[in-house]
Structure formats: structure tokens, C-alpha cells
>>> print(open('my_file.cif').read())   # mmCIF, C-alpha atoms
data_final
loop_
_atom_site.label_atom_id
_atom_site.label_comp_id
_atom_site.auth_asym_id
_atom_site.auth_seq_id
_atom_site.Cartn_x
_atom_site.Cartn_y
_atom_site.Cartn_z
CA MET W 1 -31.43 7.74 24.85
CA ILE W 2 -30.77 9.68 21.67
CA LYS W 3 -32.77 12.88 21.31
CA GLU W 4 -35.26 12.88 18.42
CA SER W 5 -33.56 15.93 16.91
CA TYR W 6 -30.41 13.88 16.22
CA LYS W 7 -32.40 11.31 14.28
CA GLN W 8 -33.50 14.02 11.88
CA LYS W 9 -29.99 15.31 11.22
CA ASP W 10 -28.21 14.19 8.08
CA ASP W 11 -24.81 12.49 8.13
CA ASP W 12 -22.80 15.65 7.41
CA GLU W 13 -24.44 17.51 10.29
CA LEU W 14 -23.77 14.60 12.64
CA VAL W 15 -20.12 14.48 11.55
CA MET W 16 -19.75 18.24 12.16
CA SER W 17 -21.36 17.98 15.60
CA SER W 18 -19.21 14.96 16.50
CA LEU W 19 -16.10 16.89 15.54
CA GLU W 20 -17.21 19.64 17.91
CA GLY W 21 -17.32 17.05 20.71
CA ASP W 22 -21.04 16.22 20.68
CA LYS W 23 -21.22 12.71 22.11
CA GLN W 24 -24.92 12.27 21.25
CA ALA W 25 -24.24 13.07 17.61
CA PHE W 26 -21.60 10.36 17.36
CA GLY W 27 -23.96 8.04 19.23
CA GLU W 28 -26.53 8.58 16.48
CA ILE W 29 -23.90 7.69 13.83
CA VAL W 30 -23.20 4.44 15.71
CA GLU W 31 -26.93 3.73 16.01
CA ARG W 32 -27.49 4.45 12.33
CA TYR W 33 -24.68 2.30 10.97
CA GLN W 34 -24.19 -0.51 13.51
CA LYS W 35 -26.35 -2.87 11.47
CA LEU W 36 -24.29 -2.23 8.34
CA VAL W 37 -21.07 -2.95 10.26
CA ALA W 38 -22.58 -6.04 11.93
CA ARG W 39 -23.54 -7.47 8.53
CA THR W 40 -20.03 -7.06 7.16
CA VAL W 41 -18.14 -8.21 10.23
CA LYS W 42 -20.40 -11.07 11.31
CA SER W 43 -20.94 -12.43 7.82
CA MET W 44 -17.16 -12.66 7.42
CA LEU W 45 -16.02 -13.65 10.90
CA GLY W 46 -19.01 -15.49 12.27
CA ASP W 47 -20.71 -14.67 15.52
CA SER W 48 -18.14 -14.35 18.27
CA VAL W 49 -16.89 -11.86 20.82
CA TYR W 50 -14.17 -11.00 18.30
CA SER W 51 -16.81 -9.82 15.83
CA GLU W 52 -18.18 -7.38 18.37
CA ASP W 53 -14.64 -6.21 19.18
CA ILE W 54 -13.98 -5.56 15.51
CA GLY W 55 -17.34 -3.79 15.26
CA GLN W 56 -16.36 -1.50 18.13
CA GLU W 57 -12.95 -0.94 16.59
CA VAL W 58 -14.61 0.19 13.34
CA PHE W 59 -16.43 3.01 15.15
CA ILE W 60 -13.40 3.92 17.28
CA LYS W 61 -11.33 4.19 14.11
CA LEU W 62 -14.11 6.22 12.49
CA PHE W 63 -14.17 8.56 15.47
CA TYR W 64 -10.44 9.27 15.25
CA SER W 65 -10.52 9.71 11.49
CA LEU W 66 -13.63 11.88 11.29
CA SER W 67 -11.47 14.94 10.63
CA ASP W 68 -10.14 13.18 7.51
CA PHE W 69 -13.65 12.54 6.20
CA ARG W 70 -14.15 15.11 3.45
CA GLY W 71 -17.69 14.16 2.49
CA GLU W 72 -16.70 13.23 -1.07
CA ALA W 73 -18.09 9.72 -0.56
CA LYS W 74 -21.13 8.77 1.48
CA LEU W 75 -20.50 8.24 5.20
CA SER W 76 -21.88 4.70 4.85
CA THR W 77 -19.25 3.92 2.17
CA TYR W 78 -16.51 5.38 4.37
CA ILE W 79 -17.63 3.25 7.35
CA GLN W 80 -17.99 0.19 5.12
CA LYS W 81 -14.41 0.61 3.89
CA ILE W 82 -13.12 0.74 7.47
CA ALA W 83 -15.19 -2.34 8.35
CA VAL W 84 -13.93 -4.28 5.32
CA ASN W 85 -10.29 -3.39 6.01
CA LEU W 86 -10.45 -4.30 9.70
CA THR W 87 -12.28 -7.54 8.94
CA LEU W 88 -9.76 -8.56 6.28
CA ASN W 89 -6.91 -7.73 8.68
CA GLU W 90 -8.52 -9.93 11.32
CA ILE W 91 -8.87 -12.79 8.82
CA LYS W 92 -5.18 -12.45 7.91
CA ARG W 93 -4.24 -12.37 11.60
CA ARG W 94 -6.28 -15.51 12.29
CA LYS W 95 -4.79 -17.28 9.28
CA ARG W 96 -1.28 -16.52 10.55
CA PHE W 97 -2.23 -17.68 14.04
CA PHE W 98 -3.83 -20.93 12.85
CA SER W 99 -1.02 -21.71 10.42
CA MET W 100 1.41 -21.32 13.32
CA PHE W 101 -0.42 -23.69 15.64
CA SER W 102 -2.44 -25.93 13.39
CA GLN W 103 -2.37 -27.56 9.99
CA LYS W 104 -5.89 -26.29 9.33
CA GLY W 105 -4.77 -22.88 8.16
CA ASN W 106 -8.06 -22.01 6.53
CA ASN W 107 -10.29 -22.66 9.51
CA GLU W 108 -10.40 -19.01 10.51
CA MET W 109 -14.14 -18.72 11.07
CA HIS W 110 -16.04 -19.10 14.27
CA GLU W 111 -19.42 -20.74 14.46
CA PHE W 112 -22.40 -18.62 13.51
CA ASP W 113 -25.00 -18.06 16.13
CA VAL W 114 -28.44 -18.28 14.59
CA PRO W 115 -30.83 -16.10 16.61
CA ASP W 116 -33.90 -17.59 18.22
CA TYR W 117 -36.77 -17.31 15.79
CA ASP W 118 -40.36 -18.07 16.53
CA ASN W 119 -40.83 -18.74 12.84
CA GLU W 120 -39.31 -22.00 11.54
CA GLU W 121 -38.94 -20.71 7.97
CA LYS W 122 -36.94 -17.69 9.12
CA LYS W 123 -34.69 -19.94 11.18
CA ASP W 124 -34.08 -22.18 8.16
CA ALA W 125 -33.22 -19.19 5.99
CA SER W 126 -30.80 -17.79 8.55
CA GLU W 127 -29.13 -21.17 9.06
CA LEU W 128 -28.83 -21.70 5.35
CA VAL W 129 -27.06 -18.37 4.81
CA SER W 130 -24.78 -18.97 7.80
CA LYS W 131 -23.76 -22.41 6.53
CA ALA W 132 -23.25 -21.13 2.99
CA LEU W 133 -21.10 -18.23 4.21
CA LYS W 134 -19.03 -20.56 6.36
CA SER W 135 -18.31 -22.85 3.42
CA MET W 136 -17.36 -20.09 0.97
CA ASP W 137 -13.83 -19.13 0.06
CA PRO W 138 -13.08 -15.87 2.03
CA LYS W 139 -12.50 -13.78 -1.10
CA PHE W 140 -15.90 -14.82 -2.46
CA ARG W 141 -17.48 -14.53 0.98
CA MET W 142 -16.76 -10.81 1.07
CA ILE W 143 -18.27 -10.29 -2.39
CA MET W 144 -21.30 -12.36 -1.35
CA ALA W 145 -21.73 -10.40 1.89
CA MET W 146 -21.50 -7.05 0.13
CA ARG W 147 -23.88 -7.99 -2.62
CA MET W 148 -26.36 -10.30 -0.96
CA LEU W 149 -26.54 -8.89 2.56
CA GLN W 150 -25.73 -5.23 1.96
CA GLY W 151 -27.29 -4.74 -1.45
CA TYR W 152 -24.28 -2.97 -2.96
CA SER W 153 -24.05 -2.75 -6.74
CA THR W 154 -21.05 -4.26 -8.53
CA LYS W 155 -19.55 -0.79 -8.97
CA GLU W 156 -19.96 0.09 -5.28
CA THR W 157 -18.48 -3.29 -4.28
CA ALA W 158 -15.43 -2.63 -6.46
CA GLU W 159 -15.01 0.84 -4.95
CA ILE W 160 -15.27 -0.36 -1.35
CA LEU W 161 -13.03 -3.39 -1.82
CA ASN W 162 -10.61 -1.29 -3.85
CA LEU W 163 -10.66 -3.83 -6.67
CA PRO W 164 -10.98 -3.38 -10.44
CA LEU W 165 -14.53 -3.80 -11.72
CA GLY W 166 -13.45 -6.75 -13.88
CA THR W 167 -12.08 -8.60 -10.84
CA VAL W 168 -15.33 -8.08 -8.95
CA LEU W 169 -17.35 -9.32 -11.92
CA SER W 170 -15.23 -12.45 -12.29
CA ARG W 171 -15.33 -13.13 -8.52
CA LEU W 172 -19.07 -12.59 -8.55
CA SER W 173 -19.51 -15.18 -11.25
CA ARG W 174 -17.21 -17.67 -9.46
CA ALA W 175 -18.93 -16.96 -6.12
CA ARG W 176 -22.27 -17.72 -7.77
CA GLU W 177 -20.97 -21.06 -9.03
CA GLN W 178 -19.48 -21.92 -5.63
CA LEU W 179 -22.71 -20.93 -3.87
CA LYS W 180 -24.72 -23.10 -6.24
CA THR W 181 -22.53 -26.11 -5.40
CA ILE W 182 -22.67 -25.40 -1.66
CA LEU W 183 -26.44 -24.90 -1.59
CA GLY W 184 -26.89 -28.07 -3.63
CA LYS W 185 -25.28 -30.01 -0.79
CA LEU W 186 -27.26 -28.33 2.01
CA MET X 1 -40.74 -18.76 1.64
CA LYS X 2 -39.84 -22.35 0.77
CA VAL X 3 -36.22 -23.42 1.22
CA SER X 4 -35.84 -24.15 -2.51
CA ASP X 5 -37.19 -20.67 -3.39
CA PHE X 6 -34.88 -19.09 -0.87
CA LYS X 7 -31.88 -20.93 -2.32
CA GLU X 8 -32.86 -19.67 -5.76
CA LEU X 9 -33.12 -16.12 -4.39
CA LEU X 10 -29.63 -16.36 -2.89
CA ILE X 11 -28.13 -17.56 -6.16
CA ARG X 12 -29.99 -14.94 -8.19
CA SER X 13 -28.73 -12.18 -5.87
CA LEU X 14 -25.23 -12.83 -7.22
CA ASP X 15 -26.29 -12.33 -10.85
CA LYS X 16 -24.58 -9.38 -12.50
CA GLU X 17 -27.85 -8.00 -13.77
CA SER X 18 -29.92 -8.54 -10.64
CA ASP X 19 -31.18 -5.67 -8.51
CA SER X 20 -28.94 -6.16 -5.46
CA GLU X 21 -30.93 -3.83 -3.21
CA GLU X 22 -34.18 -5.64 -3.95
CA ALA X 23 -32.56 -9.05 -3.39
CA CYS X 24 -31.02 -7.82 -0.13
CA ARG X 25 -34.40 -6.60 1.09
CA LYS X 26 -36.04 -9.94 0.28
CA ILE X 27 -33.26 -11.87 2.02
CA GLU X 28 -33.68 -9.72 5.13
CA GLU X 29 -37.44 -10.24 5.03
CA ALA X 30 -36.82 -13.98 4.90
CA GLY X 31 -35.18 -13.68 8.32
CA VAL X 32 -31.45 -13.21 7.64
CA THR X 33 -30.23 -10.52 9.99
CA PHE X 34 -26.93 -9.72 11.64
CA ASN X 35 -26.90 -7.58 14.76
CA PHE X 36 -24.59 -6.82 17.63
CA ARG X 37 -25.73 -7.46 21.19
CA ASP X 38 -28.01 -4.89 22.82
CA GLY X 39 -26.19 -1.84 24.18
CA PHE X 40 -23.56 -1.86 21.43
CA ARG X 41 -23.82 1.92 20.98
CA ASP X 42 -23.23 2.57 24.70
CA ARG X 43 -20.23 0.25 24.80
CA VAL X 44 -18.66 2.06 21.83
CA LEU X 45 -19.29 5.49 23.39
CA ASP X 46 -17.87 4.32 26.74
CA LYS X 47 -14.73 3.15 25.03
CA ILE X 48 -14.32 6.41 23.16
CA TYR X 49 -15.30 8.98 25.77
CA PHE X 50 -14.41 7.35 29.09
CA ALA X 51 -11.50 5.14 28.20
CA GLY X 52 -10.89 7.70 25.49
CA ASN X 53 -8.06 9.62 27.12
CA ALA X 54 -5.80 6.59 27.09
CA VAL X 55 -6.72 5.86 23.49
CA VAL X 56 -6.14 9.49 22.50
CA ARG X 57 -2.71 9.42 24.13
CA GLU X 58 -1.90 6.16 22.35
CA VAL X 59 -3.05 7.48 18.99
CA GLU X 60 -1.12 10.72 19.52
CA PHE X 61 1.99 8.78 20.51
CA VAL X 62 1.84 6.55 17.41
CA ARG X 63 1.20 9.57 15.20
CA ASN X 64 4.16 11.46 16.69
CA LEU X 65 6.35 8.39 16.46
CA ASN X 66 5.51 8.01 12.78
CA HIS X 67 6.23 11.69 12.19
CA VAL X 68 9.58 11.52 13.99
CA PHE X 69 10.46 8.22 12.28
CA TYR X 70 9.97 9.71 8.81
CA ARG X 71 12.15 12.69 9.71
CA ILE X 72 14.89 10.48 11.17
CA ALA X 73 14.67 8.07 8.26
CA LEU X 74 14.97 10.85 5.67
CA THR X 75 17.86 12.50 7.50
CA GLY X 76 19.52 9.11 7.91
CA VAL X 77 19.24 8.27 4.23
CA ALA X 78 20.64 11.70 3.32
CA ALA X 79 23.58 11.22 5.75
CA ILE X 80 24.34 7.74 4.37
CA LEU X 81 24.33 9.06 0.80
CA LEU X 82 26.67 11.92 1.74
CA LEU X 83 28.96 9.46 3.50
CA LEU X 84 29.06 7.16 0.48
CA ILE X 85 29.82 10.06 -1.86
CA SER X 86 32.56 11.40 0.38
CA ILE X 87 34.11 7.90 0.70
CA PHE X 88 34.00 7.47 -3.05
CA LEU X 89 35.62 10.86 -3.64
CA MET X 90 38.37 10.30 -1.06
CA GLN X 91 39.14 6.61 -1.63
CA GLY X 92 38.15 6.25 -5.28
CA SER X 93 36.02 3.17 -4.56
CA ILE X 94 33.31 1.95 -2.21
CA SER X 95 34.94 -1.22 -0.89
CA PHE X 96 34.45 -2.75 2.56
CA ASN X 97 37.85 -1.42 3.64
CA SER X 98 36.90 2.10 2.60
CA PHE X 99 33.87 1.89 4.87
CA LEU X 100 36.13 0.96 7.77
CA GLY X 101 38.48 3.77 6.88
CA LEU X 102 41.27 1.35 5.94
CA GLY X 103 43.34 1.52 2.80
CA ASP X 104 44.25 -1.77 1.06
CA SER X 105 47.94 -1.28 2.09
CA TYR X 106 47.01 -1.74 5.76
CA ASP X 107 45.84 -5.36 5.27
CA GLU X 108 49.24 -6.94 5.79
CA SER X 109 50.10 -4.86 8.84
CA ILE X 110 46.76 -5.82 10.47
CA ILE X 111 47.40 -9.54 9.80
CA CYS X 112 50.89 -9.12 11.29
CA LEU X 113 49.46 -7.38 14.31
CA LEU X 114 46.77 -10.01 14.90
CA THR X 115 48.78 -13.16 14.20
CA GLY X 116 52.19 -12.00 15.42
CA ASN X 117 53.88 -13.22 12.18
#
>>> encode(input="my_file.cif", output="C-alpha cells")
Amino acid sequence: MIKESYKQKDDDELVMSSLEGDKQAFGEIVERYQKLVARTVKSMLGDSVYSEDIGQEVFIKLFYSLSDFRGEAKLSTYIQKIAVNLTLNEIKRRKRFFSMFSQKGNNEMHEFDVPDYDNEEKKDASELVSKALKSMDPKFRMIMAMRMLQGYSTKETAEILNLPLGTVLSRLSRAREQLKTILGKL
Amino acid sequence: MKVSDFKELLIRSLDKESDSEEACRKIEEAGVTFNFRDGFRDRVLDKIYFAGNAVVREVEFVRNLNHVFYRIALTGVAAILLLLISIFLMQGSISFNSFLGLGDSYDESIICLLTGN
């Protein structure tokens, strides 16, 4: 159980405490940002044990690179960048693996697991997003996940994905068209 | 929210001008959530702090290896350049024979030696 005092600390204080070896402080960072990481990783990779492994890897990598974090960007952006890089690496790894053993090189996603909802409308919404994400081209899927599920602005998306703003804008417009087509069929 | 309205919301969230934070909030309210299994935090902390020593050693090893590799690579490149320059100065060219330390005049004697003719 995380002490209440940790919940009131800001990110910089938690980073400092974690660097001094405070396990609870790092635990609070994990607690605070696990949802953000889950959205990125699961929206891109689907719901599988691999997604959780990548999620854990994000925080392990964060832990070992905390001393490099200078506080110039927000901690959430820093974590998001790690999550995006590890997720894209995993997609590349899966593509290589599938192209080695199967002709279906692009089938790198696992099935999404739609949680049990008591509300039918919520279930429909969740299923719809899962199906749409699964059908999207991976490079548009990342833009869609960042924008739609994380609420990042176009500028923030460009910064995190390390892409020029123009590229993000053009992908956004193409993703929108692709999504329209996909949703039309669902 | 009706399915058709929700589809419209999803499409609108990708508009350049739309308020992405607002759209994201509405999508989450509609029931779209992504979470890890319960106890995720504890599993991460276990990996870092209990299995951590092995990971630390591994990270340290890779870091040291990288450090040593760069030093060796730089020294190696410098040595190769020096070797090339010295060969060029001594032999006047950088041919395959010069690399082996053989002058062109030795070719025939080597063929004689190997073939017996």
C-alpha cells in the first residue's frame, strides 16, 4: 500500500526520492502512469501477456534511466516515449518473426480482450475501438492511439513519435480516412 | 451513447482542429479503457528490487562492454590508418601484395615454390 504522502508528491520529488533508493516513491510513479503505458502498449499490441511484459519493461527501463531524466520534459512525456519505442520495437520484432515463419507478415497483433461490462453500450464501444485498432495500418494506429486514447495534441504527438509536424498532420488525415472506411464496415 | 454517435466521436477525435483531450475523455466515459492486470505495480517493483541485482549486473555489463567496445574500435581504426599510411610510404602503393608484405617481384618465386616449375 502506498502511503498517502507519496500521492501528494509531484513527479520531480518522486524521481528524486526514487534515485535515493525509495521503493515506495517509484511505486507511486508506476501507479500514476501505468494506465498511460497500458493505453499505448495494449492499443498497439492487443491484449496479451506480451503487452504486460512490454509494460513492465517500460518501467524497468525508466528506473534505470531515471538519472538521465533532466526534467526538461514532463515525466509523462518521457515515459510515453519509452513506451512508444519499446512497442514499435516489439512490432518490428513480431513482423520479422512472422515473415520468417508465415506469409502473413502483417498479422502482428494479438486479439483484444474486451473487459466484462455490465453495460451493453460500454461493451459495444470498447469492442468497436478494439476492432478498429486491429484493422488499422500500424503507423496510423499509433497516431490514433496517441490522439484518441491519450488525448495528445498534434504537436505533442510529433514530439513523442519524433516525427515532423507535417508528417503527423498528413498521417492524421489519412488515419481519419482509414478509420471512416473501417467503421463504415463495422 | 448510440453506436453511430460513438463512431462519429471517434472520427471527429482525429480532426486536426478537435480538442483531443475532450475527445479522449468522452471516449473513456463511453467505456474504452486499457488496464494491466491487478497487481501490476507490485510485479514491476519485484522485478526491479528483488530480481534487480541480476538486472543491474546485466545493465552494468552491457554498459561496460559498450564503453570498452568504443575504445577498442577507436584504437583499432587509428591503428589501421597508421598501418595503411606506413604501407603507402614504404611500398608506394596500397596493393594486396603490400598488405601481405610482398613486393611484386616475389610473385614468380612464389609460383615456382608452390608449383615446382
>>> residues_near_point(input="my_file.cif", point="(-12.0, -4.4, 8.9)", cutoff="12 Å", atoms="only C-alpha atoms", output="MDAnalysis selection string")
chainID W and resid 37:42 44:45 50:62 78:93 142 160:161
>>> residues_near_point(input="my_file.cif", point="(-28.8, 3.0, 16.9)", cutoff="10 Å", atoms="all atoms listed in the file", output="PyMOL selection string")
(chain W and resi 1-2+7+27-35) or (chain X and resi 38-42)
>>> axis_aligned_box(input="my_file.cif", around="segment 27-33 of chain W", padding_each_side="5 Å", output="AutoDock Vina command-line options")
--center_x -25.3 --center_y 5.4 --center_z 15.1 --size_x 14.3 --size_y 16.3 --size_z 18.3
>>> residues_around(input="my_file.cif", residues="Ile94 of chain X", least_positions_apart="4", cutoff="9 Å", atoms="only C-alpha atoms", output="JSON list (two decimals) with C-alpha atoms, in the coordinates of the input")
[["chain", "number", "residue", "atom", "x", "y", "z"],
["X", 84, "LEU", "CA", 29.06, 7.16, 0.48],
["X", 85, "ILE", "CA", 29.82, 10.06, -1.86],
["X", 87, "ILE", "CA", 34.11, 7.90, 0.70],
["X", 88, "PHE", "CA", 34.00, 7.47, -3.05],
["X", 98, "SER", "CA", 36.90, 2.10, 2.60],
["X", 99, "PHE", "CA", 33.87, 1.89, 4.87]]
>>> closest_atom_pairs(input="my_file.cif", of="chain X", to="chain W", cutoff="7 Å", atoms="all atoms listed in the file", output="tab-separated table")
residue	atom	partner	partner_atom	distance
X:Met1	CA	W:Glu121	CA	6.9
X:Lys7	CA	W:Leu183	CA	6.8
X:Ile11	CA	W:Arg176	CA	6.1
X:Ser13	CA	W:Met148	CA	5.8
X:Leu14	CA	W:Arg176	CA	5.7
X:Ser20	CA	W:Gly151	CA	4.6
X:Glu21	CA	W:Gly151	CA	4.1
X:Ala23	CA	W:Met148	CA	6.8
X:Cys24	CA	W:Gly151	CA	5.0
X:Ala30	CA	W:Lys122	CA	5.6
X:Gly31	CA	W:Lys122	CA	4.5
X:Val32	CA	W:Ser126	CA	4.7
X:Phe34	CA	W:Arg39	CA	5.1
X:Asn35	CA	W:Ala38	CA	5.4
X:Phe36	CA	W:Ala38	CA	6.1
X:Arg41	CA	W:Val30	CA	5.9
X:Val44	CA	W:Gln56	CA	5.6
X:Leu45	CA	W:Gly27	CA	6.8
X:Ile48	CA	W:Ile60	CA	6.5
>>> write_last_selection(input="my_file.cif", atoms="C-alpha atoms", output="PDB file, in the coordinates of the input")
ATOM      1  CA  MET X   1     -40.740 -18.760   1.640  1.00  0.00           C
ATOM      2  CA  LYS X   7     -31.880 -20.930  -2.320  1.00  0.00           C
ATOM      3  CA  ILE X  11     -28.130 -17.560  -6.160  1.00  0.00           C
ATOM      4  CA  SER X  13     -28.730 -12.180  -5.870  1.00  0.00           C
ATOM      5  CA  LEU X  14     -25.230 -12.830  -7.220  1.00  0.00           C
ATOM      6  CA  SER X  20     -28.940  -6.160  -5.460  1.00  0.00           C
ATOM      7  CA  GLU X  21     -30.930  -3.830  -3.210  1.00  0.00           C
ATOM      8  CA  ALA X  23     -32.560  -9.050  -3.390  1.00  0.00           C
ATOM      9  CA  CYS X  24     -31.020  -7.820  -0.130  1.00  0.00           C
ATOM     10  CA  ALA X  30     -36.820 -13.980   4.900  1.00  0.00           C
ATOM     11  CA  GLY X  31     -35.180 -13.680   8.320  1.00  0.00           C
ATOM     12  CA  VAL X  32     -31.450 -13.210   7.640  1.00  0.00           C
ATOM     13  CA  PHE X  34     -26.930  -9.720  11.640  1.00  0.00           C
ATOM     14  CA  ASN X  35     -26.900  -7.580  14.760  1.00  0.00           C
ATOM     15  CA  PHE X  36     -24.590  -6.820  17.630  1.00  0.00           C
ATOM     16  CA  ARG X  41     -23.820   1.920  20.980  1.00  0.00           C
ATOM     17  CA  VAL X  44     -18.660   2.060  21.830  1.00  0.00           C
ATOM     18  CA  LEU X  45     -19.290   5.490  23.390  1.00  0.00           C
ATOM     19  CA  ILE X  48     -14.320   6.410  23.160  1.00  0.00           C
TER      20      ILE X  48
END
>>> closest_residue(input="my_file.cif", among="W:Arg96, W:Lys9, W:Lys139, W:Lys74", to="Glu156 of chain W", atoms="all atoms listed in the file")
W:Lys74
>>> atom_distance(input="my_file.cif", atom1="atom CA of Leu10 of chain X", atom2="atom CA of Ala73 of chain W")
28.6 Å
>>> atom_distance(input="my_file.cif", atom1="atom CA of Arg43 of chain X", atom2="atom CA of Asn64 of chain X")
28.0 Å
